[in-house]
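Colleague: Contents of protein30.txt (compact mmCIF, C-alpha atoms) are given next:
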```txt
# COMPACT_ATOMS: atom_id res chain seq x y z
CA MET A 483 181.01 -113.85 59.01
CA GLY A 484 180.89 -110.50 57.26
CA PRO A 485 179.91 -109.95 53.62
CA LEU A 486 183.51 -110.37 52.41
CA ILE A 487 186.12 -113.02 53.16
CA THR A 488 189.76 -112.99 52.07
CA PRO A 489 191.48 -115.99 50.47
CA ALA A 490 193.62 -116.36 53.58
CA GLU A 491 190.56 -116.39 55.82
CA LEU A 492 188.83 -118.97 53.65
CA ALA A 493 191.89 -121.21 53.58
CA ALA A 494 192.22 -120.99 57.37
CA LEU A 495 188.64 -122.01 58.21
CA PRO A 496 188.65 -125.16 60.37
CA GLU A 497 187.08 -128.35 59.08
CA ALA A 498 184.24 -127.99 61.56
CA ARG A 499 183.40 -124.65 59.98
CA ARG A 500 184.02 -125.78 56.40
CA PRO A 501 181.72 -123.75 54.11
CA VAL A 502 179.94 -124.59 50.92
CA VAL A 503 181.92 -122.86 48.16
CA LEU A 504 180.13 -121.86 44.97
CA ASP A 505 181.98 -120.95 41.78
CA VAL A 506 179.65 -118.57 39.91
CA ARG A 507 181.97 -117.38 37.17
CA TRP A 508 180.07 -116.02 34.18
CA ARG A 509 180.75 -114.00 31.07
CA LEU A 510 178.56 -112.41 28.46
CA ALA A 511 180.92 -113.42 25.63
CA GLY A 512 183.83 -115.78 25.21
CA PRO A 513 184.35 -119.35 26.40
CA PRO A 514 181.63 -120.60 28.76
CA ALA A 515 182.56 -120.18 32.41
CA ALA A 516 181.95 -123.90 32.98
CA GLU A 517 185.04 -124.54 30.85
CA SER A 518 187.11 -122.28 33.08
CA TYR A 519 185.80 -124.17 36.09
CA ARG A 520 186.88 -127.49 34.58
CA GLU A 521 190.35 -126.05 33.98
CA GLY A 522 190.76 -125.19 37.65
CA HIS A 523 188.87 -123.95 40.70
CA VAL A 524 189.03 -123.60 44.46
CA PRO A 525 189.11 -127.09 46.02
CA GLY A 526 185.64 -128.24 46.93
CA ALA A 527 183.91 -125.51 44.93
CA VAL A 528 180.73 -126.42 43.05
CA PHE A 529 179.97 -124.65 39.78
CA VAL A 530 176.61 -122.86 39.71
CA ASP A 531 175.43 -121.26 36.49
CA LEU A 532 174.01 -117.75 36.62
CA ASP A 533 171.71 -118.20 33.63
CA THR A 534 170.15 -121.51 34.63
CA ALA A 535 170.37 -121.59 38.44
CA LEU A 536 170.51 -118.02 39.69
CA ALA A 537 167.89 -116.57 37.34
CA ALA A 538 164.64 -117.52 35.65
CA PRO A 539 164.60 -117.71 31.84
CA PRO A 540 164.70 -114.31 30.13
CA GLY A 541 161.39 -112.81 29.08
CA ASP A 542 158.98 -110.08 30.07
CA GLY A 543 160.62 -109.94 33.50
CA GLY A 544 163.99 -109.03 31.99
CA ARG A 545 167.18 -110.86 31.10
CA HIS A 546 167.89 -112.31 34.55
CA PRO A 547 164.59 -112.37 36.47
CA LEU A 548 164.51 -113.75 39.99
CA PRO A 549 164.27 -117.55 39.85
CA ASP A 550 161.22 -119.45 40.96
CA PRO A 551 161.78 -120.26 44.65
CA ALA A 552 161.25 -123.98 44.12
CA ASP A 553 163.74 -124.06 41.25
CA LEU A 554 166.28 -122.09 43.27
CA GLN A 555 165.86 -124.38 46.25
CA ARG A 556 166.49 -127.44 44.08
CA GLU A 557 169.64 -125.92 42.55
CA LEU A 558 171.04 -124.81 45.90
CA ARG A 559 170.37 -128.16 47.54
CA GLU A 560 172.08 -129.96 44.66
CA ALA A 561 175.10 -127.72 45.28
CA GLY A 562 175.12 -128.79 48.92
CA VAL A 563 173.71 -125.63 50.46
CA SER A 564 172.26 -126.13 53.94
CA ALA A 565 170.92 -123.68 56.47
CA GLY A 566 173.55 -124.55 59.05
CA ARG A 567 176.64 -124.15 56.85
CA PRO A 568 178.22 -120.89 55.70
CA VAL A 569 178.39 -120.26 51.95
CA ILE A 570 181.26 -118.58 50.09
CA VAL A 571 180.76 -117.40 46.50
CA TYR A 572 183.32 -116.19 43.97
CA ASP A 573 183.69 -115.17 40.35
CA ASP A 574 186.68 -114.13 38.26
CA ALA A 575 185.69 -110.59 37.30
CA ASP A 576 184.77 -107.55 39.41
CA GLY A 577 182.73 -109.43 42.00
CA SER A 578 179.35 -108.49 40.55
CA VAL A 579 178.23 -112.01 39.68
CA ALA A 580 179.36 -113.24 43.09
CA ALA A 581 177.39 -110.35 44.57
CA ARG A 582 174.29 -111.58 42.71
CA ALA A 583 174.72 -115.03 44.26
CA TRP A 584 175.33 -113.43 47.68
CA TRP A 585 172.22 -111.28 47.31
CA LEU A 586 170.07 -114.15 46.07
CA LEU A 587 171.04 -116.39 48.99
CA ARG A 588 170.31 -113.57 51.41
CA TRP A 589 166.98 -112.90 49.67
CA ALA A 590 166.20 -116.61 49.98
CA GLY A 591 166.80 -116.52 53.73
CA HIS A 592 170.40 -117.69 54.17
CA THR A 593 172.10 -115.50 56.77
CA ASP A 594 175.71 -116.72 56.56
CA VAL A 595 177.02 -115.83 53.09
CA ALA A 596 180.19 -114.06 51.98
CA VAL A 597 181.91 -113.08 48.73
CA LEU A 598 185.54 -114.08 48.25
CA ASP A 599 187.37 -110.75 48.14
CA GLY A 600 189.23 -110.51 44.83
CA GLY A 601 187.63 -113.70 43.56
CA TYR A 602 189.49 -116.49 41.82
CA ALA A 603 192.21 -114.11 40.63
CA ALA A 604 193.11 -113.24 44.23
CA TRP A 605 193.12 -116.94 45.14
CA LEU A 606 195.58 -117.61 42.30
CA ALA A 607 197.68 -114.52 43.09
CA GLU A 608 198.32 -115.88 46.58
CA GLY A 609 199.50 -119.18 45.15
CA ARG A 610 196.74 -121.17 46.78
CA GLU A 611 195.79 -124.71 45.85
CA THR A 612 193.52 -125.32 42.89
CA THR A 613 192.03 -128.49 41.48
CA THR A 614 190.26 -129.83 38.40
CA ASP A 615 188.30 -132.35 40.46
CA ALA A 616 184.58 -131.65 40.49
CA PRO A 617 183.06 -132.64 43.84
CA THR A 618 179.81 -134.51 44.27
CA PRO A 619 178.34 -132.67 47.23
CA GLU A 620 176.01 -134.25 49.71
CA PRO A 621 172.57 -132.73 49.02
CA GLY A 622 171.75 -129.80 51.25
CA ASP A 623 168.60 -129.07 53.18
CA PHE A 624 168.28 -125.33 52.62
CA GLU A 625 164.69 -124.10 52.42
CA VAL A 626 164.20 -121.04 50.24
CA ARG A 627 162.08 -118.42 51.96
CA PRO A 628 161.93 -115.28 49.78
CA GLY A 629 161.89 -111.90 51.43
CA GLY A 630 165.23 -111.77 53.19
CA MET A 631 166.31 -108.75 51.09
CA PRO A 632 164.09 -105.91 49.84
CA VAL A 633 163.10 -105.67 46.19
CA LEU A 634 161.51 -102.96 44.07
CA THR A 635 158.92 -103.14 41.34
CA ALA A 636 159.28 -100.83 38.35
CA ASP A 637 156.84 -98.33 39.87
CA GLU A 638 158.64 -98.47 43.20
CA ALA A 639 161.98 -97.92 41.48
CA ALA A 640 160.59 -94.84 39.74
CA ALA A 641 159.35 -93.53 43.10
CA ARG A 642 162.65 -94.32 44.82
CA ALA A 643 164.51 -92.27 42.18
CA ARG A 644 162.40 -89.23 43.15
CA ALA A 645 161.83 -89.72 46.88
CA GLY A 646 165.16 -91.22 47.81
CA VAL A 647 168.22 -92.43 45.91
CA LEU A 648 168.25 -94.94 43.06
CA PHE A 649 171.73 -95.95 41.89
CA ASP A 650 172.31 -97.13 38.30
CA ALA A 651 175.19 -99.65 38.36
CA ARG A 652 175.76 -99.82 34.59
CA ALA A 653 178.70 -98.28 32.77
CA HIS A 654 178.26 -94.52 32.53
CA ALA A 655 177.92 -94.61 28.72
CA ARG A 656 174.84 -96.80 29.08
CA TYR A 657 173.40 -94.48 31.74
CA THR A 658 173.75 -91.47 29.44
CA GLY A 659 172.33 -93.38 26.49
CA GLU A 660 175.48 -93.02 24.39
CA THR A 661 175.39 -96.76 23.86
CA GLU A 662 173.01 -99.61 24.56
CA PRO A 663 174.41 -102.94 23.36
CA VAL A 664 171.83 -105.26 24.90
CA ASP A 665 168.45 -103.81 25.82
CA PRO A 666 165.59 -102.39 23.69
CA ARG A 667 166.11 -98.69 24.49
CA ALA A 668 168.96 -96.48 25.66
CA GLY A 669 168.99 -94.18 28.67
CA HIS A 670 168.18 -94.45 32.36
CA ILE A 671 165.30 -94.30 34.81
CA PRO A 672 164.53 -90.60 35.34
CA GLY A 673 166.00 -89.41 38.63
CA ALA A 674 168.53 -92.24 38.94
CA ILE A 675 172.17 -91.56 39.79
CA SER A 676 175.04 -93.11 37.83
CA ALA A 677 177.14 -95.37 40.09
CA PRO A 678 179.10 -97.84 37.92
CA SER A 679 179.70 -101.13 39.70
CA ALA A 680 183.27 -101.36 38.40
CA GLU A 681 184.21 -98.60 40.85
CA HIS A 682 183.51 -100.83 43.86
CA VAL A 683 186.84 -102.59 43.43
CA GLY A 684 190.42 -101.40 43.13
CA GLU A 685 192.96 -102.11 40.40
CA ASP A 686 193.82 -105.40 42.11
CA GLY A 687 190.23 -106.58 41.85
CA ARG A 688 189.67 -106.49 45.61
CA TRP A 689 186.80 -104.56 47.13
CA ARG A 690 187.56 -101.06 48.30
CA THR A 691 187.71 -100.38 52.01
CA PRO A 692 184.55 -99.60 53.99
CA ALA A 693 185.72 -95.99 54.43
CA ASP A 694 186.40 -95.59 50.69
CA LEU A 695 183.02 -97.02 49.76
CA ALA A 696 181.20 -94.89 52.33
CA ALA A 697 182.93 -91.80 50.94
CA ARG A 698 182.02 -92.81 47.40
CA PHE A 699 178.32 -93.14 48.15
CA ALA A 700 178.30 -89.92 50.16
CA GLY A 701 179.90 -88.19 47.19
CA LEU A 702 177.11 -89.53 44.99
CA GLY A 703 174.54 -87.85 47.21
CA LEU A 704 173.51 -90.57 49.65
CA GLU A 705 172.61 -89.08 53.02
CA GLU A 706 171.91 -90.86 56.27
CA GLY A 707 168.30 -92.02 56.52
CA THR A 708 167.60 -91.69 52.79
CA PRO A 709 165.85 -94.72 51.25
CA VAL A 710 168.17 -96.25 48.66
CA GLY A 711 167.71 -98.66 45.78
CA ALA A 712 169.78 -99.99 42.91
CA TYR A 713 169.34 -101.30 39.40
CA CYS A 714 171.53 -102.14 36.41
CA GLY A 715 170.98 -103.91 33.09
CA SER A 716 169.47 -107.15 34.35
CA GLY A 717 169.74 -107.18 38.13
CA VAL A 718 173.24 -108.68 38.37
CA THR A 719 175.73 -105.82 38.76
CA ALA A 720 173.22 -103.85 40.85
CA SER A 721 173.65 -106.57 43.47
CA SER A 722 177.18 -105.30 43.94
CA VAL A 723 175.76 -101.89 44.90
CA VAL A 724 173.79 -103.61 47.66
CA LEU A 725 176.92 -105.46 48.77
CA ALA A 726 179.12 -102.36 48.59
CA LEU A 727 176.66 -100.41 50.74
CA GLU A 728 176.70 -103.19 53.33
CA VAL A 729 180.51 -103.22 53.33
CA ALA A 730 180.40 -99.44 53.75
CA GLY A 731 178.29 -99.84 56.88
CA HIS A 732 174.96 -98.66 55.51
CA PRO A 733 172.45 -99.58 58.24
CA GLU A 734 169.71 -101.01 56.02
CA PRO A 735 170.00 -103.20 52.90
CA ALA A 736 169.45 -101.29 49.69
CA ALA A 737 166.42 -102.45 47.71
CA LEU A 738 167.10 -104.14 44.37
CA TYR A 739 165.05 -103.56 41.23
CA ALA A 740 165.65 -107.10 39.99
CA GLY A 741 164.20 -106.62 36.51
CA SER A 742 166.31 -103.49 36.07
CA TRP A 743 166.73 -101.76 32.71
CA SER A 744 166.05 -104.97 30.76
CA HIS A 745 162.56 -104.95 32.29
CA TRP A 746 161.98 -101.19 32.35
CA SER A 747 162.98 -100.63 28.71
CA ARG A 748 160.54 -103.26 27.41
CA ASP A 749 157.59 -101.01 28.23
CA PRO A 750 157.38 -98.07 25.77
CA GLU A 751 155.15 -96.24 28.23
CA ARG A 752 157.97 -95.95 30.75
CA PRO A 753 160.13 -92.85 30.24
CA ALA A 754 163.86 -92.93 29.53
CA ALA A 755 166.17 -90.06 30.43
CA THR A 756 169.39 -89.53 28.48
CA GLY A 757 172.54 -87.51 29.04
CA PRO A 758 174.60 -87.09 32.22
CA GLU A 759 171.86 -85.42 34.25
CA ARG A 760 169.38 -87.36 36.41
CA GLY A 761 166.44 -86.19 34.31
```
Would you give me this structure, written as structure tokens?
Modeller:
Amino acid sequence: MGPLITPAELAALPEARRPVVLDVRWRLAGPPAAESYREGHVPGAVFVDLDTALAAPPGDGGRHPLPDPADLQRELREAGVSAGRPVIVYDDADGSVAARAWWLLRWAGHTDVAVLDGGYAAWLAEGRETTTDAPTPEPGDFEVRPGGMPVLTADEAAARARAGVLFDARAHARYTGETEPVDPRAGHIPGAISAPSAEHVGEDGRWRTPADLAARFAGLGLEEGTPVGAYCGSGVTASSVVLALEVAGHPEPAALYAGSWSHWSRDPERPAATGPERG
């Protein structure tokens, strides 16, 4: 299974290959995503909360630090995740939260994970079955073994921005420092390149083709063999950069600075560049 799966492909999977489906819808403001889940979801999908299951509590490590492996293992097992079953994740936005779940499962050692292309909106657009029934999954046996995907510390992210490529997945206005609605300081890591995550998907909410994504990253300055990393506000939307690069055929996983700007900006000793230039 590749990193993306279409609604038609998911619906057509045989019972013997039936995956664990995780609904990871999340929003910064508005009604809680759990309410949307209760109003309707993909049959068999289990709701998993980004804030409580896919991240540690906010603090010095940022707004969405990597969860404690034992806590993550407990949450995934409760959702029915096992090593021998594929996992499909979806959200209802631009795929970034689903990409975080995809990345986290890969980081934890699961090798058979995919994001539903177009998310819940694409599932609905195709007229596929939904339900309000919340399943009670049989507990899984997945053992979390961190290290399946590369990560960067703050110092390593700073070095990657100078001796490689470090993509900033936030909206461009946050990269330039024109606005900063969430974190302590405005700006970006010096040397980073603006690569907003919203540009990974088309107007229909589905991921752009591998050729389109490869061309996008090449246009942003990524050359073959160059070490690449990604960060964002809190390590969520940057996961979609990692996913987009894999879809594009990049040979090695990009490294994620999980703390991202919410971690970097807490330290007044760390520099912040502003404006459209890398700095």
Colleague: Expressed in Å to a single decimal, how great is the separation between atom CA of A:Ala490 and atom CA of A:Ile570?
Modeller: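 Computed distance, atom CA of A:Ala490 to atom CA of A:Ile570, equals 13.0 Å.
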Colleague: Hey, which bits of stretch 663-739 of chain A sit within 9 Å of stretch 601-622 of chain A, and for each residue what's the closest pair of atoms and how far apart in Å (one decimal), counting only C-alpha atoms, rows by chain and increasing number, as JSON lines?
Modeller:
```
{"residue": "A:Asp686", "atom": "CA", "partner": "A:Ala604", "partner_atom": "CA", "distance": 8.2}
{"residue": "A:Gly687", "atom": "CA", "partner": "A:Ala604", "partner_atom": "CA", "distance": 7.6}
{"residue": "A:Arg688", "atom": "CA", "partner": "A:Ala604", "partner_atom": "CA", "distance": 7.7}
```
Colleague: Quick check, in Å to one decimal: how far apart do atom CA of A:Pro753 and atom CA of A:Ala720 lie?
Modeller: 20.1 Å
Colleague: With distances taken over all atoms listed in the file, which of A:Val723, A:Val569, A:Ala575, A:Ile487 is nearest to A:Val503?
Modeller: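 Ranking A:Val723, A:Val569, A:Ala575, A:Ile487 by distance to A:Val503, first place goes to A:Val569.
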Colleague: For each of A:Val563, A:Ala651, A:Ala636, A:Ala493, take the minimum atom-to-atom distance to A:Gly543, counting all atoms listed in the file, then give the residue where this is smallest.
Modeller: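 Of all the options, A:Ala636 lies closest to A:Gly543.
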Colleague: If you measure from atom CA of A:Asp542 to atom CA of A:Asp505, what distance in Å do you get, rounded to one decimal?
Modeller: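 If I compute the distance from atom CA of A:Asp542 to atom CA of A:Asp505, I get 28.0 Å.
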Colleague: Taking all atoms listed in the file into account, name the residue in A:Gly659, A:Pro735, A:Gly600, A:Pro666 that is nearest to A:Ser747.
Modeller: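 Between A:Gly659, A:Pro735, A:Gly600, A:Pro666, the residue approaching A:Ser747 most closely is A:Pro666.
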Colleague: Excluding stretch 691-708 of chain A and residues on its chain fewer than 2 positions from it, collect all residues at most 10 Å away from it, counting all atoms listed in the file, and give them as a compact mmCIF listing (two decimals) with C-alpha atoms, keeping the file's coordinate frame.
Modeller:
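Produced file selection06.txt, reproduced below:
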```txt
# COMPACT_ATOMS: atom_id res chain seq x y z
CA ARG A 642 162.65 -94.32 44.82
CA ALA A 645 161.83 -89.72 46.88
CA GLY A 646 165.16 -91.22 47.81
CA VAL A 647 168.22 -92.43 45.91
CA LEU A 648 168.25 -94.94 43.06
CA PHE A 649 171.73 -95.95 41.89
CA ILE A 675 172.17 -91.56 39.79
CA SER A 676 175.04 -93.11 37.83
CA ALA A 677 177.14 -95.37 40.09
CA GLU A 681 184.21 -98.60 40.85
CA HIS A 682 183.51 -100.83 43.86
CA VAL A 683 186.84 -102.59 43.43
CA GLY A 684 190.42 -101.40 43.13
CA ARG A 688 189.67 -106.49 45.61
CA TRP A 689 186.80 -104.56 47.13
CA VAL A 710 168.17 -96.25 48.66
CA GLY A 711 167.71 -98.66 45.78
CA VAL A 723 175.76 -101.89 44.90
CA ALA A 726 179.12 -102.36 48.59
CA LEU A 727 176.66 -100.41 50.74
CA GLU A 728 176.70 -103.19 53.33
CA VAL A 729 180.51 -103.22 53.33
CA ALA A 730 180.40 -99.44 53.75
CA GLY A 731 178.29 -99.84 56.88
CA HIS A 732 174.96 -98.66 55.51
CA PRO A 733 172.45 -99.58 58.24
CA GLU A 734 169.71 -101.01 56.02
```
Colleague: Rank A:Asp623, A:Val724, A:Gly544, A:Arg760 by their smallest atom-to-atom distance to A:Arg588, using all atoms listed in the file, and report the top residue only.
Modeller: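 The closest residue to A:Arg588 is A:Val724.
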Colleague: Go ahead and find all residues with at least one atom no further than 12 Å from (165.1, -117.2, 56.1) in the file's coordinates, using all atoms listed in the file; report them as a VMD selection string.
Modeller: chain A and resid 564 to 566 586 to 594 624 to 631
Colleague: Provide an axis-aligned box for all listed atoms of stretch 613-620 of chain A, padding each side by 3 Å; report its centre and its edge lengths in Å to one decimal, as lines of an AutoDock Vina configuration file.
Modeller:
```
center_x = 184.0
center_y = -131.5
center_z = 44.1
size_x = 22.0
size_y = 12.0
size_z = 17.3
```
Colleague: Of the candidates A:Leu504, A:Ala755, A:Ala640, A:Ala537, which one gets nearest to A:Ala561 if we count only C-alpha atoms?
Modeller: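 For A:Ala561, the nearest of the candidates is A:Leu504.
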Colleague: Restricting the calculation to all atoms listed in the file: of A:Ala680, A:Ala643, A:Val579, A:Val528, which residue gets closest to A:His546?
Modeller: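 That would be A:Val579, the residue with the smallest distance to A:His546.
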Colleague: Which residues are near A:Pro663? Cut-off 12 Å, only C-alpha atoms, ignore same chain within fewer than 5 positions. Put them as JSON, numbers by chain.
Modeller: {"A": [510, 652, 653, 655, 656, 657, 668, 669, 715, 744]}
Colleague: Write out as number ranges by chain which residues come within 12 Å of A:Glu491 when counting only C-alpha atoms, dropping same-chain ones fewer than 6 positions away.
Modeller: A: 483-484, 499-501, 570, 596-599, 605, 610
